[in-house]
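Q: Pasting a structure here, questions to come.
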Amino acid sequence: MLSNQAGDARRSSLHGNWSSRMAFILAVTGSAVGLGNIWKFPYVAGQNGGGAFVLVYLVCVVLIGMPVMMSEILIGRRGRRNPVRTMELLGREEGSTGRWRLVGGVGGLAGILILSYYSVVAGWTLAYTLKSVSGVFSGAGPEQVGAQFDSFVGDWRLVGLAHTIFMGLSIFVVARGVERGLEQAVRFMVPALLVLMLVLLGYSISTGYFAQGVVFMFTPDFERLTWGSVLAALGQAFFTLSIGMGAVMAYGAYLPEETSITGASAAVVTADTSIAILAGLAIFPLVFANGLTPADGPGLVFNTLPLAFGQMAGGVFFSTIFFVLLSFAAWTSAIGLMEPAVAWIVEHFDKTRAQATVAVGLLIWFVGFGSVLSFNVLSDFEFLAGTIYDNIDYLTSNVMLPLGGLLITIFAGWVMCRNSTSDELGTSGNLFRFWRVLARFVAPIGILLVLINAVR
Ligand code: PHE
């Protein structure tokens, strides 16, 4: 009976299907590539001392991120519902319990919390688009660019307004639904972003500090590596790949049956990681060339890239395009962050997509003011991990996402029977066995080890 429920929905999801395999890859890439690659990766790498952090991050992406992503997609496609319902149905179908729905629930909450601050930083990128057009960065030095940033984030009304606009845009596109909203935007955004990162890289090479940047990023100094930075690297891997909270699971629910999950995951992971590494290679030489410090925090990208654009021929043009693209990238990620909660409300309370999106969006908008104020009025209000923003970030990236990933791999590796997973992955043989070893042992044990050591 219950297996029938899941079975009936298996052919197509309640929310529509992706038009093609490419559309799915584009959507997941759009969700993965965002502020996490260009804003967060360099600043977290900088705060954690560079080289060793980057190495651990790459290891986490391959050995943990990849199997978690594949598990999430296969669970999503098998359940064909929102992550809460999917986990509940599959939990029962596989002879375990419907309580697995909690994994979906906590994931939806993580998405809401992440978007609450993500939208604030996305608001900064919107504002920086306007600043770029106005030409304030032309020929500007480090002090001027730094002052621009400080005075902007210091004004909570401006930051709040930008956050409000970004949430409005996100609500708009999520309310319109899967197929109409997503595919087109990502199709040109990711390649264009790659091209611009290469332009920036070219400039960084010309500063003469490129080697220093490369050394910082790729020479691991394990003496300085703490369990705290290992956890930060794991958290960054989850965050940047959009895994551990059900976004990819929700997208998987709309995936046609014949698509290869392994191939799609590999494509997304490769694109996402390349853009992050490129961002780091472009940014760290600028940090050193301008006497800034890598550990500068969330303002790092906003204090460095405008310097490069300000010196470049055609800088106003490139800078504007860059921040437009970054806003777009943030936008396509915001969709993934809202999707699990929205899909749950649509199914659970029988609401329209528009109603659900507005409700979730307003909640996120409201919670977001905690982060808006963290950079100005409440910047001295610190507890546990730091400001309100720091705490929400730590809780989501370093606790909720890894825990979600842990439970997802345990579910796919241990609770689901071998046939169900090999059915979905569509492979048998070595590739399947390799995934299964990663999902059953390497990923869960790795995540547990890091979590346990980091909290001790
Ligand atoms: N991966 C996105 C980024 O790197 C953020 C994100 C996390 C999006 C989780 C969806 C789900 O910017």
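Residue names in the structure tokens use chain letters A, B, ... in the order shown, residue numbers from 1 in each chain, and ligand numbers from 1 in the order shown.
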Dump the neighbourhood of ligand 1 as a list of chain:residue names: all residues within 6 Å, distances computed on only C-alpha atoms and all ligand atoms.

A: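 What falls inside 6 Å of ligand 1 is A:Ser31, A:Ala32, A:Val33, A:Gly34, A:Leu35, A:Gly36, A:Asn37, A:Phe239, A:Thr240, A:Leu241, A:Ser242, A:Ile243, A:Ala247, A:Ser333, A:Gly336, A:Leu337.
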
Q: Could you turn the residues from that selection into a file that holds N, CA and C atoms, as an mmCIF file, in the first residue's frame?

A:
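To be explicit, this is the file written out as selection_21.cif:
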```
data_model
loop_
_atom_site.group_PDB
_atom_site.id
_atom_site.type_symbol
_atom_site.label_atom_id
_atom_site.label_comp_id
_atom_site.auth_asym_id
_atom_site.auth_seq_id
_atom_site.Cartn_x
_atom_site.Cartn_y
_atom_site.Cartn_z
ATOM 1 N N SER A 31 22.147 25.918 -8.570
ATOM 2 C CA SER A 31 22.009 25.925 -7.124
ATOM 3 C C SER A 31 23.376 25.858 -6.449
ATOM 4 N N ALA A 32 24.266 25.074 -7.011
ATOM 5 C CA ALA A 32 25.578 24.898 -6.387
ATOM 6 C C ALA A 32 26.465 26.122 -6.565
ATOM 7 N N VAL A 33 26.507 26.654 -7.783
ATOM 8 C CA VAL A 33 27.391 27.789 -8.038
ATOM 9 C C VAL A 33 26.726 29.063 -7.541
ATOM 10 N N GLY A 34 27.364 29.696 -6.601
ATOM 11 C CA GLY A 34 26.760 30.916 -6.065
ATOM 12 C C GLY A 34 27.749 31.661 -5.198
ATOM 13 N N LEU A 35 27.238 32.349 -4.213
ATOM 14 C CA LEU A 35 28.095 33.107 -3.318
ATOM 15 C C LEU A 35 29.078 32.198 -2.594
ATOM 16 N N GLY A 36 28.691 30.935 -2.430
ATOM 17 C CA GLY A 36 29.561 29.986 -1.750
ATOM 18 C C GLY A 36 30.906 29.847 -2.436
ATOM 19 N N ASN A 37 30.918 29.916 -3.757
ATOM 20 C CA ASN A 37 32.162 29.758 -4.500
ATOM 21 C C ASN A 37 32.997 31.031 -4.493
ATOM 22 N N PHE A 239 28.207 23.254 1.886
ATOM 23 C CA PHE A 239 27.538 24.502 1.515
ATOM 24 C C PHE A 239 27.652 24.756 0.013
ATOM 25 N N THR A 240 28.863 24.644 -0.491
ATOM 26 C CA THR A 240 29.082 25.018 -1.884
ATOM 27 C C THR A 240 28.406 24.034 -2.847
ATOM 28 N N LEU A 241 28.253 22.771 -2.429
ATOM 29 C CA LEU A 241 27.601 21.800 -3.312
ATOM 30 C C LEU A 241 26.089 21.750 -3.088
ATOM 31 N N SER A 242 25.592 22.573 -2.186
ATOM 32 C CA SER A 242 24.145 22.599 -1.874
ATOM 33 C C SER A 242 23.630 21.279 -1.338
ATOM 34 N N ILE A 243 24.479 20.549 -0.615
ATOM 35 C CA ILE A 243 24.018 19.234 -0.156
ATOM 36 C C ILE A 243 23.807 19.194 1.355
ATOM 37 N N ALA A 247 18.025 20.293 -0.901
ATOM 38 C CA ALA A 247 17.823 21.052 -2.144
ATOM 39 C C ALA A 247 17.984 20.118 -3.346
ATOM 40 N N SER A 333 20.767 30.107 -6.630
ATOM 41 C CA SER A 333 21.002 29.313 -5.428
ATOM 42 C C SER A 333 19.868 29.500 -4.429
ATOM 43 N N GLY A 336 17.084 27.073 -4.796
ATOM 44 C CA GLY A 336 17.324 25.768 -4.194
ATOM 45 C C GLY A 336 17.140 25.789 -2.684
ATOM 46 N N LEU A 337 17.480 26.918 -2.088
ATOM 47 C CA LEU A 337 17.355 27.012 -0.635
ATOM 48 C C LEU A 337 15.890 27.041 -0.193
#
```

Q: Skipping near chain neighbours, those fewer than 2 positions away, what residues fall within 9 Å of Glu339 (chain A) using only C-alpha atoms, listed as a PDB file with N, CA, C and O atoms, in the first residue's frame?

A:
```pdb
ATOM      1  N   ASN A  82       8.314  16.119  -1.914  1.00  0.00           N
ATOM      2  CA  ASN A  82       9.181  17.029  -1.175  1.00  0.00           C
ATOM      3  C   ASN A  82      10.031  16.183  -0.217  1.00  0.00           C
ATOM      4  O   ASN A  82       9.647  15.053   0.121  1.00  0.00           O
ATOM      5  N   GLY A 108      14.855  21.444   5.487  1.00  0.00           N
ATOM      6  CA  GLY A 108      14.057  22.602   5.084  1.00  0.00           C
ATOM      7  C   GLY A 108      14.345  23.809   5.963  1.00  0.00           C
ATOM      8  O   GLY A 108      14.467  24.945   5.486  1.00  0.00           O
ATOM      9  N   GLY A 111      17.631  25.329   5.078  1.00  0.00           N
ATOM     10  CA  GLY A 111      17.507  26.176   3.890  1.00  0.00           C
ATOM     11  C   GLY A 111      16.996  27.564   4.248  1.00  0.00           C
ATOM     12  O   GLY A 111      17.502  28.586   3.764  1.00  0.00           O
ATOM     13  N   VAL A 174      10.596  31.678  -7.512  1.00  0.00           N
ATOM     14  CA  VAL A 174      10.178  30.391  -6.940  1.00  0.00           C
ATOM     15  C   VAL A 174       8.667  30.218  -7.096  1.00  0.00           C
ATOM     16  O   VAL A 174       8.179  29.124  -7.386  1.00  0.00           O
ATOM     17  N   GLY A 246      18.596  18.899   1.442  1.00  0.00           N
ATOM     18  CA  GLY A 246      17.409  18.525   0.667  1.00  0.00           C
ATOM     19  C   GLY A 246      17.180  19.307  -0.619  1.00  0.00           C
ATOM     20  O   GLY A 246      16.247  18.998  -1.351  1.00  0.00           O
ATOM     21  N   ALA A 247      18.025  20.293  -0.901  1.00  0.00           N
ATOM     22  CA  ALA A 247      17.823  21.052  -2.144  1.00  0.00           C
ATOM     23  C   ALA A 247      17.984  20.118  -3.346  1.00  0.00           C
ATOM     24  O   ALA A 247      17.139  20.067  -4.242  1.00  0.00           O
ATOM     25  N   ALA A 250      15.188  17.657  -3.521  1.00  0.00           N
ATOM     26  CA  ALA A 250      13.974  18.242  -4.102  1.00  0.00           C
ATOM     27  C   ALA A 250      14.107  18.327  -5.618  1.00  0.00           C
ATOM     28  O   ALA A 250      13.165  18.047  -6.365  1.00  0.00           O
ATOM     29  N   TYR A 251      15.296  18.704  -6.105  1.00  0.00           N
ATOM     30  CA  TYR A 251      15.509  18.776  -7.547  1.00  0.00           C
ATOM     31  C   TYR A 251      15.460  17.388  -8.166  1.00  0.00           C
ATOM     32  O   TYR A 251      14.966  17.195  -9.272  1.00  0.00           O
ATOM     33  N   ALA A 334      19.355  30.723  -4.367  1.00  0.00           N
ATOM     34  CA  ALA A 334      18.270  31.016  -3.431  1.00  0.00           C
ATOM     35  C   ALA A 334      17.061  30.130  -3.721  1.00  0.00           C
ATOM     36  O   ALA A 334      16.358  29.684  -2.814  1.00  0.00           O
ATOM     37  N   ILE A 335      16.866  29.859  -5.003  1.00  0.00           N
ATOM     38  CA  ILE A 335      15.743  29.007  -5.403  1.00  0.00           C
ATOM     39  C   ILE A 335      15.874  27.633  -4.747  1.00  0.00           C
ATOM     40  O   ILE A 335      14.913  27.102  -4.186  1.00  0.00           O
ATOM     41  N   GLY A 336      17.084  27.073  -4.796  1.00  0.00           N
ATOM     42  CA  GLY A 336      17.324  25.768  -4.194  1.00  0.00           C
ATOM     43  C   GLY A 336      17.140  25.789  -2.684  1.00  0.00           C
ATOM     44  O   GLY A 336      16.720  24.803  -2.087  1.00  0.00           O
ATOM     45  N   LEU A 337      17.480  26.918  -2.088  1.00  0.00           N
ATOM     46  CA  LEU A 337      17.355  27.012  -0.635  1.00  0.00           C
ATOM     47  C   LEU A 337      15.890  27.041  -0.193  1.00  0.00           C
ATOM     48  O   LEU A 337      15.536  26.568   0.872  1.00  0.00           O
ATOM     49  N   ALA A 341      11.297  23.699   1.513  1.00  0.00           N
ATOM     50  CA  ALA A 341      10.231  24.189   2.397  1.00  0.00           C
ATOM     51  C   ALA A 341       8.970  24.500   1.599  1.00  0.00           C
ATOM     52  O   ALA A 341       7.850  24.174   2.016  1.00  0.00           O
ATOM     53  N   VAL A 342       9.147  25.107   0.423  1.00  0.00           N
ATOM     54  CA  VAL A 342       7.978  25.462  -0.393  1.00  0.00           C
ATOM     55  C   VAL A 342       7.246  24.199  -0.869  1.00  0.00           C
ATOM     56  O   VAL A 342       6.023  24.089  -0.736  1.00  0.00           O
ATOM     57  N   ALA A 343       8.017  23.233  -1.374  1.00  0.00           N
ATOM     58  CA  ALA A 343       7.388  22.001  -1.871  1.00  0.00           C
ATOM     59  C   ALA A 343       6.650  21.287  -0.734  1.00  0.00           C
ATOM     60  O   ALA A 343       5.565  20.726  -0.932  1.00  0.00           O
ATOM     61  N   TRP A 344       7.219  21.354   0.467  1.00  0.00           N
ATOM     62  CA  TRP A 344       6.565  20.707   1.614  1.00  0.00           C
ATOM     63  C   TRP A 344       5.226  21.383   1.926  1.00  0.00           C
ATOM     64  O   TRP A 344       4.214  20.703   2.120  1.00  0.00           O
ATOM     65  N   THR A 357       5.227  30.028  -1.352  1.00  0.00           N
ATOM     66  CA  THR A 357       6.468  30.782  -1.543  1.00  0.00           C
ATOM     67  C   THR A 357       6.436  32.094  -0.775  1.00  0.00           C
ATOM     68  O   THR A 357       7.418  32.487  -0.139  1.00  0.00           O
TER      69      THR A 357
END
```

Q: Compare A:Val367, A:Ile283, A:Met245, A:Ala192 by their minimum atom-to-atom distance to Val106 (chain A), counting only C-alpha atoms, and give me the closest one.

A: A:Met245

Q: In terms of the shortest atom-to-atom distance over only C-alpha atoms, which of A:Ala454, A:Leu406, A:Ile25, A:Ile75 is closest to Phe441 (chain A)?

A: A:Leu406

Q: Find the spatial neighbours of region 195-205 of chain A, counting only C-alpha atoms, within a cut-off of 9 Å - ignore same-chain residues fewer than 5 positions away - and output them as an MDAnalysis selection string.

A: chainID A and resid 190 210:211 275 278:279 281:286 289 305 308:309 312 318 321:322

Q: With only C-alpha atoms as the basis for distance, which of A:Gly154, A:Gly50, A:Pro67, A:Gly168 is at the shortest distance from Arg440 (chain A)?

A: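 Ranked by minimum distance to Arg440 (chain A), first place goes to A:Pro67.
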